[in-house]
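Chemist: This is work02.cif (mmCIF, C-alpha atoms).
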```cif
data_upload
loop_
_atom_site.label_atom_id
_atom_site.label_comp_id
_atom_site.auth_asym_id
_atom_site.auth_seq_id
_atom_site.Cartn_x
_atom_site.Cartn_y
_atom_site.Cartn_z
CA MET A 845 69.53 -0.55 68.65
CA ASN A 846 66.36 0.54 66.93
CA ALA A 847 64.27 2.30 69.54
CA ASP A 848 61.89 5.16 70.02
CA LEU A 849 63.38 8.00 72.06
CA PHE A 850 61.19 10.71 73.58
CA ILE A 851 62.67 13.93 74.97
CA PRO A 852 59.64 15.91 76.21
CA ARG A 853 60.00 19.65 76.76
CA SER A 854 57.45 19.93 79.57
CA LEU A 855 55.82 17.86 82.28
CA ASP A 856 52.53 17.81 80.35
CA GLU A 857 54.29 16.44 77.29
CA ALA A 858 56.08 13.82 79.44
CA LEU A 859 52.81 12.74 81.05
CA SER A 860 51.13 12.33 77.67
CA VAL A 861 54.04 10.12 76.51
CA VAL A 862 53.58 8.05 79.67
CA GLN A 863 49.83 7.81 79.07
CA THR A 864 50.31 6.69 75.46
CA HIS A 865 53.19 4.25 75.92
CA GLY A 866 52.60 3.11 79.50
CA ALA A 867 54.13 -0.14 80.62
CA GLY A 868 56.77 -0.61 77.93
CA LEU A 869 58.34 2.79 78.48
CA LEU A 870 61.75 3.16 80.14
CA VAL A 871 62.01 6.51 81.93
CA MET A 872 65.48 8.01 82.40
CA GLY A 873 66.44 10.77 84.80
CA GLY A 874 70.17 11.24 84.33
CA GLY A 875 70.63 7.81 82.73
CA THR A 876 73.63 6.87 84.86
CA MET A 877 72.24 3.42 85.61
CA MET A 878 70.15 2.71 82.51
CA MET A 879 72.85 3.78 80.03
CA ALA A 880 75.28 1.49 81.86
CA HIS A 881 72.86 -1.43 81.32
CA ILE A 882 72.41 -0.50 77.66
CA ASN A 883 76.22 -0.23 77.18
CA GLU A 884 76.62 -3.68 78.68
CA GLY A 885 74.55 -5.06 75.81
CA ILE A 886 72.19 -7.03 78.04
CA PHE A 887 69.27 -4.66 77.91
CA PHE A 888 67.45 -3.50 74.79
CA PRO A 889 64.64 -1.08 75.64
CA GLN A 890 62.28 -0.35 72.75
CA LYS A 891 60.85 2.91 74.09
CA VAL A 892 62.85 5.36 76.15
CA MET A 893 61.92 8.74 77.57
CA SER A 894 64.55 11.11 78.98
CA LEU A 895 63.25 13.68 81.46
CA ALA A 896 66.39 15.82 81.06
CA ARG A 897 64.58 18.60 79.16
CA ALA A 898 61.17 18.38 80.85
CA GLY A 899 61.80 21.33 83.15
CA LEU A 900 61.63 19.28 86.35
CA SER A 901 64.83 20.48 88.04
CA GLY A 902 65.26 23.10 90.72
CA VAL A 903 65.03 23.64 94.46
CA TYR A 904 62.15 25.79 95.71
CA ARG A 905 61.17 27.04 99.14
CA ASN A 906 57.49 27.70 99.66
CA GLY A 907 56.58 26.98 103.28
CA HIS A 908 58.52 23.77 102.86
CA THR A 909 61.26 22.68 100.47
CA GLN A 910 60.52 21.16 97.07
CA ILE A 911 63.23 19.50 95.00
CA GLY A 912 62.38 18.80 91.36
CA ALA A 913 62.83 15.19 90.26
CA THR A 914 65.62 15.85 87.76
CA THR A 915 67.65 18.11 90.05
CA HIS A 916 71.23 16.91 89.66
CA LEU A 917 73.09 15.38 92.59
CA THR A 918 75.62 18.25 92.30
CA ASP A 919 72.84 20.71 93.13
CA VAL A 920 71.41 18.46 95.84
CA SER A 921 74.88 18.41 97.43
CA GLN A 922 74.62 22.19 97.88
CA ILE A 923 71.29 22.34 99.74
CA ALA A 924 72.56 23.79 103.02
CA ASP A 925 69.24 23.55 104.91
CA TYR A 926 69.37 19.73 104.84
CA PRO A 927 73.01 18.98 105.66
CA ILE A 928 72.85 15.18 105.65
CA LEU A 929 70.98 15.14 102.33
CA ALA A 930 73.73 17.34 100.88
CA GLU A 931 76.40 15.13 102.45
CA ALA A 932 74.86 11.92 101.09
CA ALA A 933 74.63 13.42 97.59
CA PHE A 934 78.26 14.54 97.76
CA GLN A 935 79.36 11.00 98.67
CA ILE A 936 77.78 9.48 95.53
CA GLY A 937 80.01 8.78 92.53
CA GLY A 938 82.47 11.44 91.42
CA PRO A 939 81.84 14.97 90.13
CA ALA A 940 80.86 13.82 86.61
CA ILE A 941 78.31 11.28 87.92
CA ARG A 942 76.86 13.96 90.22
CA ASN A 943 76.47 16.27 87.21
CA MET A 944 74.31 13.61 85.52
CA GLY A 945 72.48 11.63 88.21
CA THR A 946 69.20 13.03 89.54
CA ILE A 947 67.40 12.87 92.89
CA GLY A 948 64.36 11.23 91.28
CA GLY A 949 66.43 8.63 89.45
CA ASN A 950 68.32 7.87 92.64
CA LEU A 951 65.05 6.91 94.35
CA TYR A 952 64.46 4.25 91.67
CA MET A 953 67.95 2.74 92.03
CA PRO A 954 68.01 -0.81 93.36
CA GLN A 955 70.03 -1.46 96.53
CA PRO A 956 72.89 -1.09 97.31
CA ALA A 957 72.72 2.10 95.20
CA GLY A 958 70.19 4.83 95.91
CA ASP A 959 71.81 6.40 98.99
CA LEU A 960 69.61 9.52 98.94
CA ALA A 961 66.62 7.60 100.30
CA VAL A 962 68.49 7.30 103.62
CA PRO A 963 68.77 11.02 104.54
CA LEU A 964 65.39 11.68 102.90
CA LEU A 965 63.73 9.12 105.21
CA ALA A 966 65.45 10.80 108.15
CA TYR A 967 63.92 14.13 107.07
CA ASP A 968 60.38 12.68 106.58
CA ALA A 969 60.38 13.32 102.83
CA HIS A 970 57.31 12.86 100.65
CA VAL A 971 57.29 12.23 96.91
CA GLU A 972 54.87 13.72 94.41
CA LEU A 973 53.71 11.32 91.71
CA ALA A 974 51.82 12.63 88.70
CA SER A 975 49.85 11.09 85.88
CA ALA A 976 47.97 12.71 83.01
CA SER A 977 44.77 12.67 85.07
CA ALA A 978 45.85 13.08 88.71
CA SER A 979 48.67 13.55 91.14
CA ARG A 980 49.28 12.21 94.63
CA THR A 981 51.83 12.88 97.32
CA ILE A 982 52.84 9.95 99.50
CA SER A 983 55.53 9.41 102.12
CA LEU A 984 58.87 8.25 100.78
CA GLU A 985 58.58 5.30 103.15
CA ASP A 986 55.39 4.12 101.42
CA PHE A 987 56.87 4.83 97.98
CA LEU A 988 59.95 2.69 98.65
CA ALA A 989 57.91 -0.15 100.15
CA GLU A 990 55.40 -0.19 97.27
CA PRO A 991 56.20 -3.15 95.04
CA ARG A 992 57.29 -1.90 91.62
CA SER A 993 54.69 -4.03 89.87
CA HIS A 994 51.89 -2.33 91.82
CA ARG A 995 53.11 1.16 91.11
CA GLY A 996 51.06 3.01 88.53
CA VAL A 997 52.76 2.67 85.15
CA HIS A 998 51.15 5.96 84.16
CA GLU A 999 52.86 7.88 86.93
CA LEU A 1000 56.04 9.92 87.05
CA LEU A 1001 57.91 11.03 90.15
CA VAL A 1002 57.97 14.81 89.69
CA ALA A 1003 59.24 16.20 93.00
CA VAL A 1004 60.48 15.46 96.50
CA HIS A 1005 58.95 17.49 99.36
CA LEU A 1006 60.67 18.12 102.67
CA PRO A 1007 59.27 19.66 105.86
CA ASP A 1008 61.50 22.16 107.65
CA PRO A 1009 64.16 20.15 109.47
CA THR A 1010 64.11 19.93 113.24
CA GLY A 1011 66.64 18.49 115.65
CA TYR A 1012 70.10 17.23 114.85
CA ALA A 1013 71.09 14.88 112.04
CA ALA A 1014 74.10 12.79 111.07
CA TYR A 1015 74.91 10.52 108.12
CA LEU A 1016 77.63 7.97 107.53
CA LYS A 1017 78.24 5.74 104.54
CA LEU A 1018 80.57 2.76 104.41
CA GLY A 1019 81.84 1.86 100.96
CA ARG A 1020 84.74 -0.25 99.82
CA ARG A 1021 86.68 2.91 99.01
CA GLU A 1022 86.39 6.68 99.48
CA ALA A 1023 84.53 7.61 96.29
CA ASN A 1024 82.53 6.22 93.40
CA THR A 1025 81.25 3.16 95.23
CA PRO A 1026 77.87 1.76 96.24
CA SER A 1027 77.24 1.35 99.95
CA VAL A 1028 78.06 -1.56 102.23
CA VAL A 1029 75.75 0.29 104.59
CA ALA A 1030 74.44 3.86 104.82
CA VAL A 1031 73.02 5.26 108.06
CA GLY A 1032 71.02 8.48 108.50
CA VAL A 1033 69.75 9.62 111.89
CA ARG A 1034 67.86 12.65 113.12
CA VAL A 1035 66.87 13.22 116.74
CA VAL A 1036 64.88 15.94 118.44
CA MET A 1037 65.81 16.60 122.08
CA ASP A 1038 63.59 18.08 124.78
CA LYS A 1039 64.81 20.62 127.33
CA GLN A 1040 66.07 17.86 129.66
CA GLY A 1041 68.32 16.49 126.91
CA GLN A 1042 66.09 13.48 126.32
CA ILE A 1043 65.14 12.32 122.84
CA SER A 1044 61.54 13.21 122.05
CA ASP A 1045 61.55 12.14 118.39
CA ALA A 1046 63.94 9.98 116.37
CA ARG A 1047 64.49 8.81 112.80
CA LEU A 1048 67.00 6.08 112.06
CA ALA A 1049 67.20 5.15 108.36
CA LEU A 1050 69.30 2.37 106.87
CA GLY A 1051 70.38 1.78 103.28
CA ALA A 1052 71.97 -1.20 101.50
CA VAL A 1053 70.86 -3.65 104.20
CA GLY A 1054 67.42 -4.61 102.90
CA SER A 1055 65.52 -4.83 99.64
CA PHE A 1056 64.95 -1.06 99.94
CA ALA A 1057 66.05 1.72 102.31
CA PHE A 1058 63.91 1.68 105.46
CA ARG A 1059 63.42 3.15 108.93
CA ALA A 1060 64.60 0.95 111.80
CA LYS A 1061 61.50 1.70 113.86
CA ASN A 1062 62.27 -0.54 116.83
CA ALA A 1063 65.62 1.19 117.22
CA GLU A 1064 63.89 4.58 116.89
CA ALA A 1065 61.38 3.61 119.60
CA ALA A 1066 64.17 2.48 121.90
CA LEU A 1067 65.79 5.93 121.66
CA ILE A 1068 62.66 7.85 122.71
CA GLY A 1069 62.88 9.15 126.28
CA GLN A 1070 66.60 8.36 126.49
CA SER A 1071 69.57 10.68 126.51
CA LEU A 1072 72.35 9.83 124.10
CA ASN A 1073 74.75 7.82 126.23
CA THR A 1074 76.89 4.73 125.87
CA LYS A 1075 74.08 2.37 126.82
CA SER A 1076 71.26 3.92 124.77
CA ILE A 1077 73.55 4.09 121.72
CA ALA A 1078 74.67 0.46 122.12
CA ASP A 1079 71.06 -0.69 122.57
CA ALA A 1080 69.86 1.17 119.45
CA ALA A 1081 72.77 -0.24 117.42
CA GLN A 1082 71.94 -3.80 118.56
CA ILE A 1083 68.24 -3.41 117.72
CA ALA A 1084 69.05 -1.87 114.30
CA MET A 1085 71.24 -4.90 113.52
CA GLU A 1086 68.33 -7.20 114.36
CA GLU A 1087 65.94 -5.13 112.22
CA SER A 1088 68.21 -5.30 109.16
CA ASN A 1089 67.70 -7.81 106.42
CA PRO A 1090 71.02 -7.57 104.58
CA PHE A 1091 72.06 -9.37 101.39
CA THR A 1092 75.29 -10.69 99.95
CA ASP A 1093 76.69 -9.14 96.78
CA ALA A 1094 80.07 -8.40 95.20
CA LEU A 1095 80.74 -5.65 97.76
CA ALA A 1096 80.05 -7.46 101.02
CA THR A 1097 78.43 -10.48 102.60
CA ALA A 1098 75.16 -10.26 104.48
CA TRP A 1099 77.09 -11.27 107.63
CA TYR A 1100 79.47 -8.32 107.25
CA ARG A 1101 76.71 -5.87 106.36
CA ARG A 1102 74.77 -6.73 109.51
CA ARG A 1103 77.83 -6.19 111.71
CA MET A 1104 78.54 -2.89 109.99
CA VAL A 1105 74.99 -1.76 110.77
CA GLY A 1106 75.90 -2.05 114.45
CA VAL A 1107 79.21 -0.23 114.02
CA PHE A 1108 77.86 2.58 111.86
CA VAL A 1109 74.63 3.19 113.81
CA LYS A 1110 76.84 3.51 116.89
CA ARG A 1111 79.24 5.93 115.18
CA THR A 1112 76.43 8.02 113.72
CA LEU A 1113 74.70 8.38 117.11
CA GLU A 1114 78.06 9.14 118.75
CA GLN A 1115 78.48 12.03 116.31
CA LEU A 1116 75.18 13.44 117.56
CA ALA A 1117 76.18 12.96 121.20
CA LYS A 1118 79.15 15.29 120.73
CA MET B 460 62.33 5.66 64.59
CA GLU B 461 65.50 5.48 62.50
CA SER B 462 68.33 7.98 62.81
CA ILE B 463 67.95 11.45 64.27
CA THR B 464 70.10 14.49 63.62
CA VAL B 465 71.65 16.40 66.48
CA THR B 466 73.49 19.70 66.22
CA PHE B 467 75.90 20.90 68.87
CA LYS B 468 78.97 23.02 69.28
CA LEU B 469 81.93 20.64 69.37
CA ASN B 470 85.25 22.20 70.36
CA GLY B 471 83.96 25.56 69.16
CA LYS B 472 82.63 24.36 65.79
CA THR B 473 78.96 23.80 64.99
CA THR B 474 78.61 20.11 64.19
CA ALA B 475 75.60 18.17 62.91
CA VAL B 476 75.59 14.38 63.02
CA ALA B 477 73.07 11.63 62.35
CA ILE B 478 72.79 9.23 65.29
CA GLU B 479 70.79 6.24 66.40
CA PRO B 480 68.33 7.12 69.19
CA LEU B 481 70.09 5.35 72.07
CA GLU B 482 73.72 5.94 71.07
CA SER B 483 75.93 7.42 73.74
CA LEU B 484 77.81 10.65 73.20
CA ARG B 485 81.05 8.66 73.52
CA THR B 486 80.10 6.37 70.63
CA VAL B 487 79.16 9.33 68.49
CA LEU B 488 82.43 11.15 69.24
CA ARG B 489 84.60 8.11 68.59
CA GLU B 490 82.80 6.21 65.85
CA HIS B 491 80.92 8.89 63.90
CA LEU B 492 83.22 11.87 64.36
CA HIS B 493 86.49 9.90 64.70
CA LEU B 494 87.65 11.86 67.73
CA HIS B 495 89.51 9.14 69.62
CA ALA B 496 90.97 11.07 72.57
CA THR B 497 87.78 10.37 74.54
CA LYS B 498 88.32 6.79 75.64
CA ALA B 499 85.93 3.86 75.83
CA GLY B 500 86.66 2.30 79.21
CA CYS B 501 84.15 0.51 81.40
CA GLY B 502 80.94 1.89 79.88
CA GLN B 503 79.49 1.75 83.39
CA GLY B 504 80.38 5.10 84.95
CA GLY B 505 83.15 3.54 86.99
CA CYS B 506 86.36 4.72 85.34
CA GLY B 507 86.04 8.29 84.04
CA SER B 508 88.10 7.69 80.89
CA CYS B 509 85.25 9.04 78.71
CA THR B 510 84.99 12.35 80.62
CA VAL B 511 84.15 15.34 78.40
CA LEU B 512 82.84 18.81 79.21
CA VAL B 513 79.22 19.71 78.49
CA ASN B 514 78.70 23.44 78.97
CA ALA B 515 82.01 23.47 80.90
CA GLU B 516 80.88 20.78 83.38
CA PRO B 517 82.46 17.32 83.41
CA VAL B 518 80.15 14.47 82.42
CA LEU B 519 80.67 10.84 81.44
CA SER B 520 80.08 10.67 77.69
CA CYS B 521 79.44 6.90 77.82
CA LEU B 522 76.38 7.47 80.02
CA MET B 523 75.00 10.46 78.15
CA LEU B 524 72.47 10.01 75.37
CA ALA B 525 74.01 11.71 72.34
CA ALA B 526 70.53 13.04 71.57
CA LEU B 527 70.83 15.23 74.67
CA ALA B 528 73.93 16.92 73.23
CA ASP B 529 71.63 18.80 70.86
CA GLY B 530 72.12 22.53 71.38
CA GLN B 531 74.89 22.05 73.94
CA GLU B 532 78.58 22.98 73.95
CA ILE B 533 80.82 19.91 74.03
CA THR B 534 84.57 20.06 74.69
CA THR B 535 86.86 17.07 74.23
CA LEU B 536 90.62 16.81 74.69
CA GLU B 537 91.04 17.59 70.97
CA GLY B 538 89.48 20.99 71.68
CA ILE B 539 91.97 22.17 74.27
CA GLY B 540 95.39 21.41 72.73
CA THR B 541 97.36 19.77 69.96
CA ALA B 542 100.71 17.98 69.86
CA GLN B 543 102.27 21.24 68.66
CA HIS B 544 100.36 23.54 71.00
CA MET B 545 99.71 21.60 74.16
CA HIS B 546 97.33 22.85 76.84
CA PRO B 547 99.31 23.60 80.06
CA LEU B 548 97.74 20.49 81.64
CA GLN B 549 98.93 18.32 78.75
CA ALA B 550 102.42 19.82 78.99
CA ALA B 551 102.48 19.24 82.75
CA PHE B 552 101.34 15.59 82.36
CA PHE B 553 104.21 15.17 79.85
CA ASP B 554 106.80 16.87 82.08
CA ARG B 555 105.75 15.02 85.24
CA PHE B 556 105.50 11.56 83.58
CA ALA B 557 101.85 11.56 84.68
CA ALA B 558 100.91 9.09 81.92
CA GLN B 559 102.09 5.49 81.86
CA CYS B 560 99.71 3.68 79.54
CA GLY B 561 97.92 7.00 78.98
CA TYR B 562 94.43 5.57 78.77
CA CYS B 563 93.09 7.60 81.70
CA SER B 564 94.89 10.83 80.75
CA PRO B 565 92.22 12.44 78.53
CA GLY B 566 89.57 11.96 81.20
CA MET B 567 91.92 13.10 83.96
CA ILE B 568 92.87 16.22 82.00
CA MET B 569 89.24 17.12 81.20
CA ALA B 570 88.22 16.65 84.85
CA ALA B 571 91.18 18.79 85.94
CA LYS B 572 90.37 21.47 83.36
CA ALA B 573 86.78 21.70 84.63
CA LEU B 574 88.14 22.21 88.15
CA LEU B 575 90.77 24.84 87.23
CA ASP B 576 88.32 26.82 85.10
CA LYS B 577 86.12 27.22 88.17
CA ASN B 578 88.73 27.25 90.93
CA PRO B 579 92.20 28.33 89.72
CA HIS B 580 93.79 27.82 93.15
CA PRO B 581 92.63 24.43 94.41
CA THR B 582 94.35 22.59 97.25
CA ARG B 583 95.79 19.14 96.60
CA ALA B 584 92.77 17.67 98.40
CA GLU B 585 90.39 19.61 96.15
CA ILE B 586 92.26 18.33 93.08
CA ALA B 587 91.95 14.75 94.37
CA GLU B 588 88.22 15.31 94.99
CA ALA B 589 87.76 16.58 91.42
CA LEU B 590 89.43 13.39 90.12
CA ALA B 591 87.47 11.07 92.43
CA GLY B 592 85.62 9.52 89.49
CA ASN B 593 88.72 8.93 87.35
CA LEU B 594 90.68 5.72 87.74
CA CYS B 595 94.35 5.22 86.81
CA ARG B 596 95.15 1.51 86.93
CA CYS B 597 98.87 2.18 86.41
CA THR B 598 98.48 3.83 89.86
CA GLY B 599 100.11 7.05 88.72
CA TYR B 600 97.99 9.22 90.99
CA VAL B 601 100.88 11.00 92.73
CA ALA B 602 102.40 12.10 89.41
CA ILE B 603 98.96 13.17 88.17
CA LEU B 604 98.33 15.32 91.26
CA ASP B 605 101.88 16.74 90.95
CA ALA B 606 101.25 17.68 87.31
CA ILE B 607 98.01 19.49 88.10
CA GLU B 608 99.63 21.27 91.08
CA ASP B 609 102.37 22.44 88.70
CA VAL B 610 99.75 24.09 86.51
CA VAL B 611 98.17 25.74 89.57
CA THR B 612 101.61 27.12 90.52
CA GLN B 613 102.27 28.34 86.97
CA MET B 614 98.93 30.16 86.96
CA GLN B 615 99.72 31.81 90.30
CA GLU B 616 103.09 33.00 88.97
CA ALA B 617 101.70 34.23 85.66
#
```
Taking this structure as input, can you express it in the form of structure tokens?
Modeler:
Amino acid sequence: MNADLFIPRSLDEALSVVQTHGAGLLVMGGGTMMMAHINEGIFFPQKVMSLARAGLSGVYRNGHTQIGATTHLTDVSQIADYPILAEAAFQIGGPAIRNMGTIGGNLYMPQPAGDLAVPLLAYDAHVELASASASRTISLEDFLAEPRSHRGVHELLVAVHLPDPTGYAAYLKLGRREANTPSVVAVGVRVVMDKQGQISDARLALGAVGSFAFRAKNAEAALIGQSLNTKSIADAAQIAMEESNPFTDALATAWYRRRMVGVFVKRTLEQLAK
Amino acid sequence: MESITVTFKLNGKTTAVAIEPLESLRTVLREHLHLHATKAGCGQGGCGSCTVLVNAEPVLSCLMLAALADGQEITTLEGIGTAQHMHPLQAAFFDRFAAQCGYCSPGMIMAAKALLDKNPHPTRAEIAEALAGNLCRCTGYVAILDAIEDVVTQMQEA
């Protein structure tokens, strides 16, 4: 287990490590996934950087909300202004995992882990990526869809940005048990209603039923102009099932995941109808 | 890079130890410092048997780089009681037969201690929530919850 370990004390220091060591560098947020791989003895990284002491945690309000990349899930679960983000964080792992795992690390988790992307997509989150020479802020949707191999190896995710939330939101996760489980499916919705009670804007995000968390845009479009009623909910659930591209793993088959998309989109929208 | 030295407060005593860069805190506690109460279970974050307190918060020592313990306060089961002077949680686990094989008990007790230090009057549901990351494969959960509730009652009476 001979390896180089870097524990930078600032973002600048972290970015210079990234610039120097580039592609071969493993970056850890809380380490809850990478340490598990290392413990398993199947993964032997040569260069590791932990961001735990780089000063990247904290929740700030400054016209919008900014959540530092290494903010622990425990702290994310207490952000009252974004209730379904808080709820999704609270449903990850147990208390000890939430004291270690970070929001930034969670966005790099392969499916079916990485639940936070689901409420964050529903809230139109953006992510800020920095390198030694530049920084860019892109939509979370684009970030998740960007193939890993194309992503700049000299970039770090430093913060998540959220506009002020509008409308009503709901989130449901199906796991194989109550706690400490990856998702069979995770559903996050947010709708904005006009004065007539018709949906003027909708976000419907799905996790664990594709190669990354995504917005079911056909289902979103079908909700626009509708009120939330039995038919509009059933239609959106059917379309979301068709838009999913689920996989089979140890938790569930693709067949089951797709059916649970229908059930849980329906239940999530029914929560909003109440 | 060969070994690095980390210094932390372990169960109240300043401790310096030479570690390999990617060693977990659990490995350092068990194999370098010979404190075996902290258990090596799944190594994956799934079982909670390696739970220790870092600055009074529960974490999984198998998933924590030991290098990050530098400058922190670490508490293991050895730090809260001995066979002669048991912590109230240890005594309650004993009285309530809350340990069968006992492998999960150190993690359960540390998770429970973290809860009671912050919230001395939790409901049974709050206790269960605090133990959500700790598995008991002897399925002794009812006795474990009973034991922790006993301690809550004792603290209310005291």
Chemist: What do you get, as a PyMOL selection string, if you spell out every residue that the PyMOL selection byres ((chain A) within 6 of (chain B)) selects here?
Modeler: chain A and resi 848-849+876+879-880+883+938+940+1023-1024
Chemist: Quick one: everything within 12 Å of Arg853 in chain A, counting all atoms listed in the file, minus sequence neighbours fewer than 3 positions away in the same chain. Send it as an NGL selection string.
Modeler: (:A and (850 or 856-861 or 893-900)) or (:B and (527))
Chemist: Could you pull the residues within 9 Å of Val487 in chain B, counting all atoms listed in the file, minus those fewer than 3 positions along the same chain, as JSON, numbers by chain?
Modeler: {"B": [476, 477, 478, 482, 483, 484, 490, 491, 492, 493, 494, 525]}
Chemist: One number please: CA of Gly958 in chain A to CA of Ala974 in chain A, in Å, one decimal.
Modeler: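 So the answer is 21.2 Å.
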Chemist: Suppose you want the space between CA of Ile911 in chain A and CA of Val1053 in chain A; what is it in Å?
Modeler: 26.1 Å
Chemist: Show me, as AutoDock Vina command-line options, the centre and edge lengths in Å to one decimal of the axis-aligned box that covers every listed atom of range 872-889 of chain A with 5 Å on each side.
Modeler:
```
--center_x 70.6 --center_y 2.1 --center_z 80.2 --size_x 22.0 --size_y 28.3 --size_z 20.8
```
Chemist: Any chance you could resolve the PyMOL selection byres ((chain A and resi 989) around 12) against this file and give the residues as number ranges by chain?
Modeler: A: 951-952, 961, 982-988, 990-995, 1054-1059
Chemist: Interatomic distance between CA of Leu960 in chain A and CA of Asn578 in chain B?
Modeler: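 So the answer is 27.3 Å.
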Chemist: I'd like to see the residues matched by the PyMOL selection byres ((chain A and resi 872) around 10) on this file, and ideally I'd get them as a PDB file with C-alpha atoms, keeping the file's coordinate frame.
Modeler:
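The resulting file, expr38.pdb, is reproduced below:
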```pdb
ATOM      1  CA  ILE A 851      62.670  13.930  74.970  1.00  0.00           C
ATOM      2  CA  LEU A 869      58.340   2.790  78.480  1.00  0.00           C
ATOM      3  CA  LEU A 870      61.750   3.160  80.140  1.00  0.00           C
ATOM      4  CA  VAL A 871      62.010   6.510  81.930  1.00  0.00           C
ATOM      5  CA  GLY A 873      66.440  10.770  84.800  1.00  0.00           C
ATOM      6  CA  GLY A 874      70.170  11.240  84.330  1.00  0.00           C
ATOM      7  CA  GLY A 875      70.630   7.810  82.730  1.00  0.00           C
ATOM      8  CA  THR A 876      73.630   6.870  84.860  1.00  0.00           C
ATOM      9  CA  MET A 877      72.240   3.420  85.610  1.00  0.00           C
ATOM     10  CA  MET A 878      70.150   2.710  82.510  1.00  0.00           C
ATOM     11  CA  MET A 879      72.850   3.780  80.030  1.00  0.00           C
ATOM     12  CA  VAL A 892      62.850   5.360  76.150  1.00  0.00           C
ATOM     13  CA  MET A 893      61.920   8.740  77.570  1.00  0.00           C
ATOM     14  CA  SER A 894      64.550  11.110  78.980  1.00  0.00           C
ATOM     15  CA  LEU A 895      63.250  13.680  81.460  1.00  0.00           C
ATOM     16  CA  ALA A 896      66.390  15.820  81.060  1.00  0.00           C
ATOM     17  CA  THR A 914      65.620  15.850  87.760  1.00  0.00           C
ATOM     18  CA  GLY A 945      72.480  11.630  88.210  1.00  0.00           C
ATOM     19  CA  THR A 946      69.200  13.030  89.540  1.00  0.00           C
ATOM     20  CA  GLY A 948      64.360  11.230  91.280  1.00  0.00           C
ATOM     21  CA  GLY A 949      66.430   8.630  89.450  1.00  0.00           C
TER      22      GLY A 949
END
```
Chemist: Extract, using all atoms listed in the file, all DNA, RNA and protein residues at most 9 Å from Ala1081 in chain A, discarding same-chain residues fewer than 3 positions from it, and format them as a ChimeraX atom specification.
Modeler: /A:1063,1076-1078,1084-1086,1105-1110,1113
Chemist: Name the closest residue to Leu929 in chain A among the candidates A:Arg942, A:Ala978, A:Tyr1015, A:Glu999; distances are taken between atoms, counting only C-alpha atoms.
Modeler: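 Ranking A:Arg942, A:Ala978, A:Tyr1015, A:Glu999 by distance to Leu929 in chain A, first place goes to A:Tyr1015.
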Chemist: Using all atoms listed in the file, what residues lie at most 12 Å away from (98.7, 31.9, 94.0) (file coordinates), given as a PyMOL selection string?
Modeler: chain B and resi 578-582+608-617
Chemist: Just the selected residues (C-alpha atoms), exported as a CSV table (one decimal), in the coordinates of the input, please.
Modeler:
```
chain,number,residue,atom,x,y,z
B,578,ASN,CA,88.7,27.2,90.9
B,579,PRO,CA,92.2,28.3,89.7
B,580,HIS,CA,93.8,27.8,93.2
B,581,PRO,CA,92.6,24.4,94.4
B,582,THR,CA,94.4,22.6,97.2
B,608,GLU,CA,99.6,21.3,91.1
B,609,ASP,CA,102.4,22.4,88.7
B,610,VAL,CA,99.8,24.1,86.5
B,611,VAL,CA,98.2,25.7,89.6
B,612,THR,CA,101.6,27.1,90.5
B,613,GLN,CA,102.3,28.3,87.0
B,614,MET,CA,98.9,30.2,87.0
B,615,GLN,CA,99.7,31.8,90.3
B,616,GLU,CA,103.1,33.0,89.0
B,617,ALA,CA,101.7,34.2,85.7
```
Chemist: Check the smallest atom-to-atom distance from each of A:Val1035, A:Leu1006, A:Leu1001, A:Ala933 to His970 in chain A using all atoms listed in the file, then report the winner.
Modeler: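 Once distances to His970 in chain A are computed over all atoms listed in the file, the minimum belongs to A:Leu1006.
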Chemist: Please rebuild range 1063-1070 of chain A with N, CA and C atoms and give the result as an mmCIF file, keeping the file's coordinate frame.
Modeler:
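Wrote it out as selection.cif, contents follow:
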```cif
data_model
loop_
_atom_site.group_PDB
_atom_site.id
_atom_site.type_symbol
_atom_site.label_atom_id
_atom_site.label_comp_id
_atom_site.auth_asym_id
_atom_site.auth_seq_id
_atom_site.Cartn_x
_atom_site.Cartn_y
_atom_site.Cartn_z
ATOM 1 N N ALA A 1063 64.471 0.448 116.695
ATOM 2 C CA ALA A 1063 65.620 1.190 117.220
ATOM 3 C C ALA A 1063 65.212 2.641 117.515
ATOM 4 N N GLU A 1064 64.393 3.219 116.641
ATOM 5 C CA GLU A 1064 63.890 4.580 116.890
ATOM 6 C C GLU A 1064 63.122 4.624 118.210
ATOM 7 N N ALA A 1065 62.222 3.631 118.390
ATOM 8 C CA ALA A 1065 61.380 3.610 119.600
ATOM 9 C C ALA A 1065 62.237 3.479 120.857
ATOM 10 N N ALA A 1066 63.310 2.689 120.742
ATOM 11 C CA ALA A 1066 64.170 2.480 121.900
ATOM 12 C C ALA A 1066 64.903 3.765 122.306
ATOM 13 N N LEU A 1067 65.076 4.683 121.363
ATOM 14 C CA LEU A 1067 65.790 5.930 121.660
ATOM 15 C C LEU A 1067 64.895 6.958 122.359
ATOM 16 N N ILE A 1068 63.573 6.838 122.149
ATOM 17 C CA ILE A 1068 62.660 7.850 122.710
ATOM 18 C C ILE A 1068 62.735 7.828 124.236
ATOM 19 N N GLY A 1069 62.838 9.038 124.820
ATOM 20 C CA GLY A 1069 62.880 9.150 126.280
ATOM 21 C C GLY A 1069 64.276 8.947 126.866
ATOM 22 N N GLN A 1070 65.230 8.575 126.018
ATOM 23 C CA GLN A 1070 66.600 8.360 126.490
ATOM 24 C C GLN A 1070 67.435 9.608 126.223
#
```
